Structures are given as C-alpha cells and as structure tokens.
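Data block for run26.txt (compact mmCIF, C-alpha atoms):
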# COMPACT_ATOMS: atom_id res chain seq x y z
CA MET V 1 -6.02 -15.78 10.13
CA GLU V 2 -4.89 -14.09 13.35
CA SER V 3 -4.32 -10.38 13.83
CA ASN V 4 -0.60 -10.76 13.42
CA PRO V 5 1.11 -8.37 10.95
CA GLN V 6 3.51 -11.18 10.01
CA THR V 7 0.66 -13.04 8.31
CA LEU V 8 -0.14 -10.18 5.92
CA ALA V 9 2.48 -11.34 3.41
CA LEU V 10 0.85 -14.76 3.29
CA VAL V 11 -2.60 -13.32 2.64
CA ARG V 12 -1.23 -11.01 -0.06
CA ALA V 13 0.32 -14.00 -1.82
CA ALA V 14 -2.94 -15.98 -1.61
CA ILE V 15 -5.06 -13.12 -2.93
CA GLU V 16 -2.59 -12.45 -5.73
CA ARG V 17 -2.83 -16.09 -6.78
CA ALA V 18 -6.63 -15.98 -6.68
CA THR V 19 -6.68 -12.94 -8.95
CA GLU V 20 -4.32 -14.67 -11.38
CA ILE V 21 -6.62 -17.70 -11.54
CA LEU V 22 -9.56 -15.40 -12.26
CA HIS V 23 -7.57 -13.68 -15.05
CA PHE V 24 -7.50 -10.18 -13.63
CA HIS V 25 -5.16 -7.77 -15.35
CA GLU V 26 -1.91 -7.18 -13.48
CA GLU V 27 -2.90 -3.66 -12.50
CA ASP V 28 -6.25 -4.80 -11.11
CA SER V 29 -4.56 -7.69 -9.34
CA ARG V 30 -2.18 -5.29 -7.59
CA ALA V 31 -5.14 -3.07 -6.66
CA ILE V 32 -7.06 -5.98 -5.11
CA VAL V 33 -4.03 -7.20 -3.16
CA ARG V 34 -3.35 -3.67 -1.92
CA SER V 35 -6.97 -3.19 -0.82
CA VAL V 36 -7.14 -6.45 1.12
CA ASP V 37 -3.77 -5.76 2.74
CA GLU V 38 -4.86 -2.27 3.81
CA ALA V 39 -8.19 -3.56 5.09
CA LEU V 40 -6.49 -6.23 7.19
CA ALA V 41 -3.95 -3.72 8.50
CA ASN V 42 -6.86 -1.49 9.57
CA VAL V 43 -8.49 -4.38 11.40
CA ILE V 44 -5.23 -5.14 13.23
CA ARG V 45 -4.50 -1.52 14.08
CA HIS V 46 -7.97 -0.17 14.81
CA ALA V 47 -10.46 -2.97 15.51
CA TYR V 48 -7.98 -4.98 17.60
CA ARG V 49 -5.83 -1.97 18.57
CA GLY V 50 -2.62 -3.75 17.68
CA LYS V 51 -3.33 -6.84 19.74
CA SER V 52 -2.09 -10.00 18.03
CA GLY V 53 -3.71 -13.45 18.13
CA CYS V 54 -7.28 -12.22 17.53
CA PRO V 55 -9.39 -13.89 14.83
CA ILE V 56 -10.00 -12.42 11.39
CA GLU V 57 -12.10 -14.35 8.88
CA VAL V 58 -11.13 -13.87 5.26
CA THR V 59 -13.54 -15.26 2.67
CA CYS V 60 -12.82 -15.03 -1.01
CA ARG V 61 -15.10 -16.16 -3.82
CA HIS V 62 -15.59 -15.94 -7.54
CA LEU V 63 -18.55 -13.66 -8.16
CA HIS V 64 -21.06 -14.06 -10.99
CA GLY V 65 -23.97 -11.75 -11.48
CA THR V 66 -25.43 -8.84 -13.38
CA ARG V 67 -24.39 -5.22 -13.19
CA ASN V 68 -26.21 -2.48 -15.08
CA GLY V 69 -28.01 -5.22 -16.99
CA ALA V 70 -24.83 -6.92 -18.15
CA CYS V 71 -23.40 -10.25 -17.02
CA VAL V 72 -20.31 -9.68 -14.94
CA SER V 73 -17.71 -11.74 -13.19
CA GLY V 74 -15.40 -10.72 -10.42
CA ILE V 75 -13.99 -11.38 -7.00
CA GLU V 76 -15.62 -10.81 -3.63
CA ILE V 77 -13.57 -10.69 -0.47
CA ILE V 78 -15.25 -10.49 2.91
CA LEU V 79 -13.34 -9.74 6.12
CA ARG V 80 -14.96 -10.29 9.52
CA ASP V 81 -13.51 -9.42 12.90
CA SER V 82 -14.71 -9.30 16.48
CA GLY V 83 -12.88 -6.11 17.36
CA VAL V 84 -14.26 -2.78 18.48
CA CYS V 85 -17.07 -1.40 16.39
CA ALA V 86 -15.76 0.84 13.65
CA ASP V 87 -16.88 4.46 13.90
CA PRO V 88 -18.34 5.50 10.52
CA ALA V 89 -17.37 9.12 11.21
CA LYS V 90 -13.72 8.10 11.33
CA MET V 91 -13.87 6.05 8.13
CA LYS V 92 -13.39 8.88 5.69
CA GLY V 93 -9.69 8.84 5.02
CA ARG V 94 -7.85 12.11 4.96
CA PRO V 95 -7.85 14.77 2.25
CA LEU V 96 -4.96 14.00 -0.07
CA GLU V 97 -3.95 17.65 -0.19
CA GLU V 98 -2.72 17.27 3.38
CA VAL V 99 0.78 15.82 3.32
CA ARG V 100 0.93 13.99 6.61
CA PRO V 101 1.34 10.40 7.76
CA GLY V 102 -1.70 8.14 7.99
CA GLY V 103 -5.26 8.03 6.66
CA LEU V 104 -4.41 6.49 3.29
CA GLY V 105 -5.57 2.88 3.64
CA LEU V 106 -9.26 3.59 3.18
CA HIS V 107 -8.49 5.90 0.31
CA PHE V 108 -6.55 3.10 -1.43
CA MET V 109 -9.51 0.72 -1.02
CA ARG V 110 -12.08 3.15 -2.36
CA GLN V 111 -9.93 4.09 -5.33
CA SER V 112 -9.10 0.50 -6.21
CA MET V 113 -12.28 -1.49 -5.66
CA ASP V 114 -15.70 -1.33 -7.34
CA GLU V 115 -17.57 -1.89 -4.08
CA VAL V 116 -16.50 -1.22 -0.49
CA GLU V 117 -19.15 -1.87 2.13
CA PHE V 118 -18.76 -1.74 5.90
CA SER V 119 -21.39 -3.26 8.16
CA ARG V 120 -21.83 -4.63 11.65
CA LYS V 121 -23.48 -8.06 11.83
CA LYS V 122 -24.01 -10.29 14.84
CA GLY V 123 -21.43 -8.42 16.89
CA LYS V 124 -18.80 -8.53 14.15
CA ASN V 125 -17.39 -5.92 11.83
CA GLN V 126 -17.74 -6.93 8.21
CA LEU V 127 -16.03 -5.42 5.21
CA ARG V 128 -17.05 -6.52 1.74
CA LEU V 129 -14.73 -5.71 -1.15
CA VAL V 130 -15.69 -6.40 -4.75
CA LYS V 131 -13.74 -5.99 -7.95
CA TYR V 132 -15.25 -6.85 -11.32
CA LEU V 133 -13.26 -8.22 -14.18
CA ALA V 134 -12.82 -5.63 -16.90
CA PRO V 135 -14.63 -6.76 -20.05
CA ALA V 136 -12.34 -8.19 -22.70
CA VAL V 137 -11.45 -5.67 -25.39
CA PRO V 138 -12.69 -6.95 -28.76
CA ALA V 139 -10.06 -7.39 -31.43
CA THR V 140 -10.01 -4.45 -33.82
CA ALA V 141 -11.02 -5.40 -37.33
CA PRO V 142 -8.44 -4.56 -39.99
CA GLU V 143 -9.13 -1.41 -41.97
CA GLY V 144 -11.25 -1.90 -45.08
CA GLU V 145 -13.25 -4.81 -43.71
CA MET T 1 12.27 -6.79 4.70
CA GLN T 2 15.96 -6.07 5.03
CA ILE T 3 17.77 -2.77 5.40
CA ALA T 4 21.47 -2.20 4.74
CA ALA T 5 23.26 1.13 5.01
CA ARG T 6 26.06 2.38 2.77
CA ALA T 7 28.01 5.62 3.12
CA ILE T 8 29.02 7.81 0.20
CA LYS T 9 30.76 11.08 1.10
CA SER T 10 28.77 12.39 4.05
CA TRP T 11 25.59 10.82 2.71
CA THR T 12 23.84 7.55 3.47
CA ILE T 13 22.14 5.09 1.15
CA LEU T 14 19.63 2.76 2.76
CA ASP T 15 19.24 -0.31 0.55
CA LEU T 16 15.77 -1.72 1.19
CA SER T 17 14.59 -5.14 0.07
CA GLY T 18 11.42 -7.20 0.34
CA ASP T 19 7.96 -5.98 1.32
CA ILE T 20 7.34 -2.90 3.44
CA ASP T 21 4.11 -3.48 5.32
CA LEU T 22 2.61 -3.18 8.79
CA ALA T 23 4.98 -5.86 10.09
CA ASN T 24 8.19 -4.10 9.19
CA SER T 25 7.54 -0.44 8.38
CA PRO T 26 8.51 0.44 12.00
CA ALA T 27 12.03 -0.86 11.25
CA MET T 28 12.27 1.32 8.15
CA ARG T 29 10.93 4.31 10.08
CA LYS T 30 13.52 3.79 12.81
CA ALA T 31 16.41 3.52 10.32
CA LEU T 32 15.20 6.52 8.35
CA LEU T 33 14.59 8.84 11.30
CA GLY T 34 17.86 7.69 12.87
CA GLU T 35 19.76 8.93 9.82
CA ILE T 36 17.81 12.18 9.52
CA LYS T 37 17.25 13.26 13.12
CA GLU T 38 19.97 11.57 15.14
CA LYS T 39 22.91 11.39 12.74
CA ARG T 40 21.86 14.57 10.91
CA THR T 41 22.91 13.05 7.60
CA PRO T 42 22.62 15.84 4.99
CA ARG T 43 21.36 13.50 2.23
CA VAL T 44 19.58 10.22 2.81
CA PHE T 45 18.91 8.03 -0.22
CA LEU T 46 16.36 5.23 -0.14
CA ASN T 47 17.10 2.53 -2.69
CA PHE T 48 13.81 0.82 -3.61
CA LYS T 49 15.27 -1.35 -6.37
CA ASN T 50 14.55 -4.57 -4.47
CA VAL T 51 11.32 -3.50 -2.78
CA ARG T 52 8.34 -5.46 -4.11
CA TYR T 53 5.55 -3.84 -2.14
CA ILE T 54 4.81 -0.90 0.14
CA ASP T 55 1.63 -0.24 2.10
CA SER T 56 0.18 2.92 3.63
CA SER T 57 2.13 2.41 6.87
CA GLY T 58 5.35 2.46 4.82
CA ILE T 59 4.18 5.58 3.01
CA ALA T 60 3.40 7.19 6.37
CA SER T 61 6.98 6.51 7.50
CA LEU T 62 8.31 8.10 4.31
CA VAL T 63 6.16 11.19 4.86
CA GLU T 64 7.41 11.42 8.41
CA GLY T 65 10.99 11.18 7.15
CA LEU T 66 10.33 13.84 4.54
CA LYS T 67 8.92 16.24 7.11
CA ALA T 68 11.91 15.65 9.41
CA SER T 69 14.38 16.23 6.58
CA ARG T 70 12.62 19.46 5.58
CA ASP T 71 12.65 20.66 9.19
CA LEU T 72 16.40 20.04 9.39
CA GLY T 73 17.27 21.33 5.93
CA SER T 74 18.48 17.96 4.66
CA ARG T 75 17.31 15.94 1.65
CA LEU T 76 15.47 12.65 1.38
CA ILE T 77 15.85 11.09 -2.06
CA LEU T 78 14.12 7.96 -3.40
CA TYR T 79 15.12 5.88 -6.42
CA GLY T 80 14.57 2.53 -8.11
CA LEU T 81 10.80 2.40 -7.51
CA ASN T 82 9.00 -0.44 -9.28
CA LYS T 83 5.50 -0.23 -10.75
CA THR T 84 3.77 -1.30 -7.52
CA VAL T 85 5.52 1.34 -5.41
CA ARG T 86 4.98 4.04 -8.04
CA GLU T 87 1.26 3.24 -8.12
CA VAL T 88 1.01 3.72 -4.37
CA MET T 89 2.86 7.03 -4.65
CA GLN T 90 0.42 8.14 -7.35
CA LEU T 91 -2.63 7.02 -5.38
CA SER T 92 -1.31 9.03 -2.42
CA ARG T 93 -0.56 11.97 -4.72
CA LEU T 94 2.94 12.04 -3.31
CA GLN T 95 4.96 11.44 -6.45
CA LYS T 96 5.58 15.16 -6.84
CA ILE T 97 6.18 15.77 -3.16
CA PHE T 98 9.17 13.43 -2.93
CA GLU T 99 12.42 13.67 -4.86
CA ILE T 100 12.28 10.51 -6.98
CA TYR T 101 14.86 9.34 -9.50
CA GLU T 102 15.10 6.35 -11.80
CA ASP T 103 18.37 4.93 -10.52
CA GLU T 104 21.29 5.45 -8.18
CA GLU T 105 23.40 7.27 -10.73
CA GLN T 106 20.73 9.91 -11.32
CA ALA T 107 19.97 10.18 -7.61
CA LEU T 108 23.59 10.76 -6.63
CA ALA T 109 24.04 13.33 -9.40
CA SER T 110 21.00 15.33 -8.30

Rewrite the coordinates I just gave you, this time as structure tokens.
Amino acid sequence: MESNPQTLALVRAAIERATEILHFHEEDSRAIVRSVDEALANVIRHAYRGKSGCPIEVTCRHLHGTRNGACVSGIEIILRDSGVCADPAKMKGRPLEEVRPGGLGLHFMRQSMDEVEFSRKKGKNQLRLVKYLAPAVPATAPEGE
Amino acid sequence: MQIAARAIKSWTILDLSGDIDLANSPAMRKALLGEIKEKRTPRVFLNFKNVRYIDSSGIASLVEGLKASRDLGSRLILYGLNKTVREVMQLSRLQKIFEIYEDEEQALAS
C-alpha cells in the first residue's frame, strides 16, 4: 500500500476479513484491526511525516507454533516502511492519566496484541504484531455427570 | 465520513457517520472546534449513532474539543456510541472524562 490515509479503510476491511476467516472472536478481531490501523497511521504520520505515495509493505499470515509448551494458532502482521528511523525513546505512548490529544496509538497496540516488536532491518522499519487465538472454552458438563 | 449539523434551541447536534480515522478526523476537528470556539455554541452534541469506527486521531480531536469547551464554559456531549467506539474510549480511559449518553433523548435532557 501507499502512505495515503485514504487507503486505511481498505486495509481495515482486509484485516477484518482475515480475522473472520481465522475464527477470531469479534472483540479480538476489532482489537487486531485497531492495532494495524494505528500502526499504519503512525507510519504515515511519523516515519513518512505525512507524505503520501510512499511504500508500506503489509504482510499477514496464519501463525502456527508453540507458546508456553502449548500448540497455538494466531495471526501475524508485519509492516515495513522506508521512512525515518523510529526513535525508541519516543515509542512509549503517553501516561493515560494525562488527558491530552495524541500518544494513544502505541498504547492501543500494546493493550490489544500479544506481541508488538519494533526493529530496523536493511534500512527499513519493521513492526511485527501477533495475536493468538483464544483457546476454545470446553463445554461444561451437566451437573451430576 | 460525513458530518451534518442540526440546530436545537441555541445548541448544535453534529450527526457523524462512517469511519473516523486519519483521513477524515481533521474534518471532524474543524467542525467541532468551529462550533465551540468560533460560534461559541453553549452545547455541542456529537451523534455517534452511525459511526462504525474511530481511531486515536479522532479521539485526539475529541479531547481537543473537550478542552476548548471547558475553557469556554460550554458543554460537549456524546451519544449513540457503538461497541467499537466505546472500547476505544475505555482503552483511552476517557469514558468518565466525557459526558456520554445512550441516545439523543437522554443527551438533550441532560
């Protein structure tokens, strides 16, 4: 995609559909969509400083693996951009006690996703977001059985 | 996103619809601050009934509007928030900072 805010709605729709296919609960689906949207908005605003037409790679895949010894499934979304290098010191989000505009996007990501990893690879910023599927709740056996 | 304004008494209702994100939160900010700071409307109501989504840039505009209304002694009142918008308010810990009502009737009676 390009760093154009108008394309955010399209990406949100695509990610929402991907989470539906992977059977995420509605609440988790909304959290994933929100995180990706906020991450892309940060790339547009900060890495590309509002300049449109710059490239952003969005990769999404079904994740299988083990976590704490258990088999897990989930979704991994990786964003890559060629914008200015993100300053780790500025990637803290703001304290929520302060009621002022801004600084919420990172907070939304960290609250919503299981893994949020920033890195710089081959001259590109990379953000990896992971959300695991919640394990299915076993049916409760009727009393007396 | 679309914004339509309605007048009731000396108050204004801004009917919002669609998604509020980085692409269009500046339009909402402009409409909101125009009512609060330029027109000095004593009560501004934001009708979220047809808003599907709001991002942090939209929340930032609301916070800016709230601060302006407090500075000028007016009121900013929100109603009709769906689950998605309420979640974002809760994540931001702003649900108790804003005046939020279920529907228009309750908001106007407040």

Need the shell around Met1 in chain V: protein/DNA/RNA residues with any atom at most 12 Å away, counting only C-alpha atoms. Skip same-chain ones fewer than 6 positions apart. Format as an NGL selection string?
:V and (7-11 or 40 or 43-44 or 52-59 or 79-81)

Report, in Å to a single decimal, how far apart CA of Lys83 in chain T and CA of Met113 in chain V are.
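These two atoms are separated by 18.5 Å.
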
Leaving out Leu32 in chain T and any residue of its chain fewer than 3 positions from it, which residues lie within 10 Å of it when counting only C-alpha atoms, given as a PyMOL selection string?
chain T and resi 12+14+26-29+35-38+44-46+61-62+64-66+68-69+76

One decimal, in Å: what's the spacing between CA of Asn50 in chain T and CA of Ser35 in chain V?
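For CA of Asn50 in chain T relative to CA of Ser35 in chain V, the distance reads 21.9 Å.
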
When you look at Glu105 in chain T with a cut-off of 12 Å (counting all atoms listed in the file), what residues show up, excluding the ones that are within fewer than 5 positions of it in the same chain? I need them as a ChimeraX atom specification.
/T:45,47,78-80,110

Give one line per residue of chain T that approaches chain V to at most 10 Å, naming the two atoms of the closest pair and their distance in Å to one decimal, counting all atoms listed in the file; sort by chain then ascending residue number and deliver it as JSON lines.
{"residue": "T:Asp19", "atom": "CA", "partner": "V:Ala9", "partner_atom": "CA", "distance": 7.9}
{"residue": "T:Ile20", "atom": "CA", "partner": "V:Ala9", "partner_atom": "CA", "distance": 9.7}
{"residue": "T:Asp21", "atom": "CA", "partner": "V:Leu8", "partner_atom": "CA", "distance": 8.0}
{"residue": "T:Leu22", "atom": "CA", "partner": "V:Pro5", "partner_atom": "CA", "distance": 5.8}
{"residue": "T:Ala23", "atom": "CA", "partner": "V:Pro5", "partner_atom": "CA", "distance": 4.7}
{"residue": "T:Asn24", "atom": "CA", "partner": "V:Pro5", "partner_atom": "CA", "distance": 8.5}
{"residue": "T:Tyr53", "atom": "CA", "partner": "V:Arg34", "partner_atom": "CA", "distance": 8.9}
{"residue": "T:Ile54", "atom": "CA", "partner": "V:Arg34", "partner_atom": "CA", "distance": 8.9}
{"residue": "T:Asp55", "atom": "CA", "partner": "V:Glu38", "partner_atom": "CA", "distance": 7.0}
{"residue": "T:Ser56", "atom": "CA", "partner": "V:Gly105", "partner_atom": "CA", "distance": 5.8}
{"residue": "T:Ser57", "atom": "CA", "partner": "V:Gly102", "partner_atom": "CA", "distance": 7.0}
{"residue": "T:Gly58", "atom": "CA", "partner": "V:Pro101", "partner_atom": "CA", "distance": 9.4}
{"residue": "T:Ile59", "atom": "CA", "partner": "V:Pro101", "partner_atom": "CA", "distance": 7.3}
{"residue": "T:Ala60", "atom": "CA", "partner": "V:Pro101", "partner_atom": "CA", "distance": 4.1}
{"residue": "T:Ser61", "atom": "CA", "partner": "V:Pro101", "partner_atom": "CA", "distance": 6.9}
{"residue": "T:Leu62", "atom": "CA", "partner": "V:Pro101", "partner_atom": "CA", "distance": 8.1}
{"residue": "T:Val63", "atom": "CA", "partner": "V:Pro101", "partner_atom": "CA", "distance": 5.7}
{"residue": "T:Glu64", "atom": "CA", "partner": "V:Pro101", "partner_atom": "CA", "distance": 6.2}
{"residue": "T:Gly65", "atom": "CA", "partner": "V:Pro101", "partner_atom": "CA", "distance": 9.7}
{"residue": "T:Leu66", "atom": "CA", "partner": "V:Arg100", "partner_atom": "CA", "distance": 9.6}
{"residue": "T:Lys67", "atom": "CA", "partner": "V:Arg100", "partner_atom": "CA", "distance": 8.3}
{"residue": "T:Lys83", "atom": "CA", "partner": "V:Glu27", "partner_atom": "CA", "distance": 9.2}
{"residue": "T:Thr84", "atom": "CA", "partner": "V:Arg30", "partner_atom": "CA", "distance": 7.2}
{"residue": "T:Glu87", "atom": "CA", "partner": "V:Ala31", "partner_atom": "CA", "distance": 9.1}
{"residue": "T:Val88", "atom": "CA", "partner": "V:Phe108", "partner_atom": "CA", "distance": 8.1}
{"residue": "T:Leu91", "atom": "CA", "partner": "V:Phe108", "partner_atom": "CA", "distance": 6.8}
{"residue": "T:Ser92", "atom": "CA", "partner": "V:Leu96", "partner_atom": "CA", "distance": 6.6}
{"residue": "T:Arg93", "atom": "CA", "partner": "V:Leu96", "partner_atom": "CA", "distance": 6.7}
{"residue": "T:Leu94", "atom": "CA", "partner": "V:Val99", "partner_atom": "CA", "distance": 7.9}
{"residue": "T:Ile97", "atom": "CA", "partner": "V:Val99", "partner_atom": "CA", "distance": 8.4}

Which residues are near Val116 in chain V? Cut-off 12 Å, all atoms listed in the file, ignore same chain within fewer than 5 positions. Put them as a list in words.
Ile32, Ser35, Val36, Ala39, Glu76, Ile77, Ile78, Leu79, Met91, Leu106, His107, Phe108, Met109, Arg110, Gln111, Gln126, Leu127, Arg128, Leu129, Val130 and Lys131 of chain V

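When only C-alpha atoms are used to measure the gap to Ala70 in chain V, the shortest distance among V:Phe24, V:Tyr132, V:Arg12, V:Ser119 belongs to V:Tyr132.
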
Work out how far CA of Thr66 in chain V is from CA of His23 in chain V, in Å to one decimal.
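Atom-to-atom, CA of His23 in chain V to CA of Thr66 in chain V, that is 18.6 Å.
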
Within 8 Å of (21.8, 17.2, 8.0), in the coordinates the file gives, what residues turn up when you count all atoms listed in the file, written out as a PyMOL selection string?
chain T and resi 36-37+39-43+69+72-75

Kindly indicate which residue among V:Thr19, V:Asn68, V:Ser3, V:Ser73 lies nearest to Leu133 in chain V, using all atoms listed in the file for the distances.
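When distances to Leu133 in chain V are compared using all atoms listed in the file, the smallest one comes from V:Ser73.
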
Padded axis-aligned box of range 43-51 of chain T (8 Å per side), centre and edge lengths, Å, one decimal, as JSON:
{"center_x": 16.3, "center_y": 4.5, "center_z": -1.8, "size_x": 26.0, "size_y": 34.1, "size_z": 25.2}
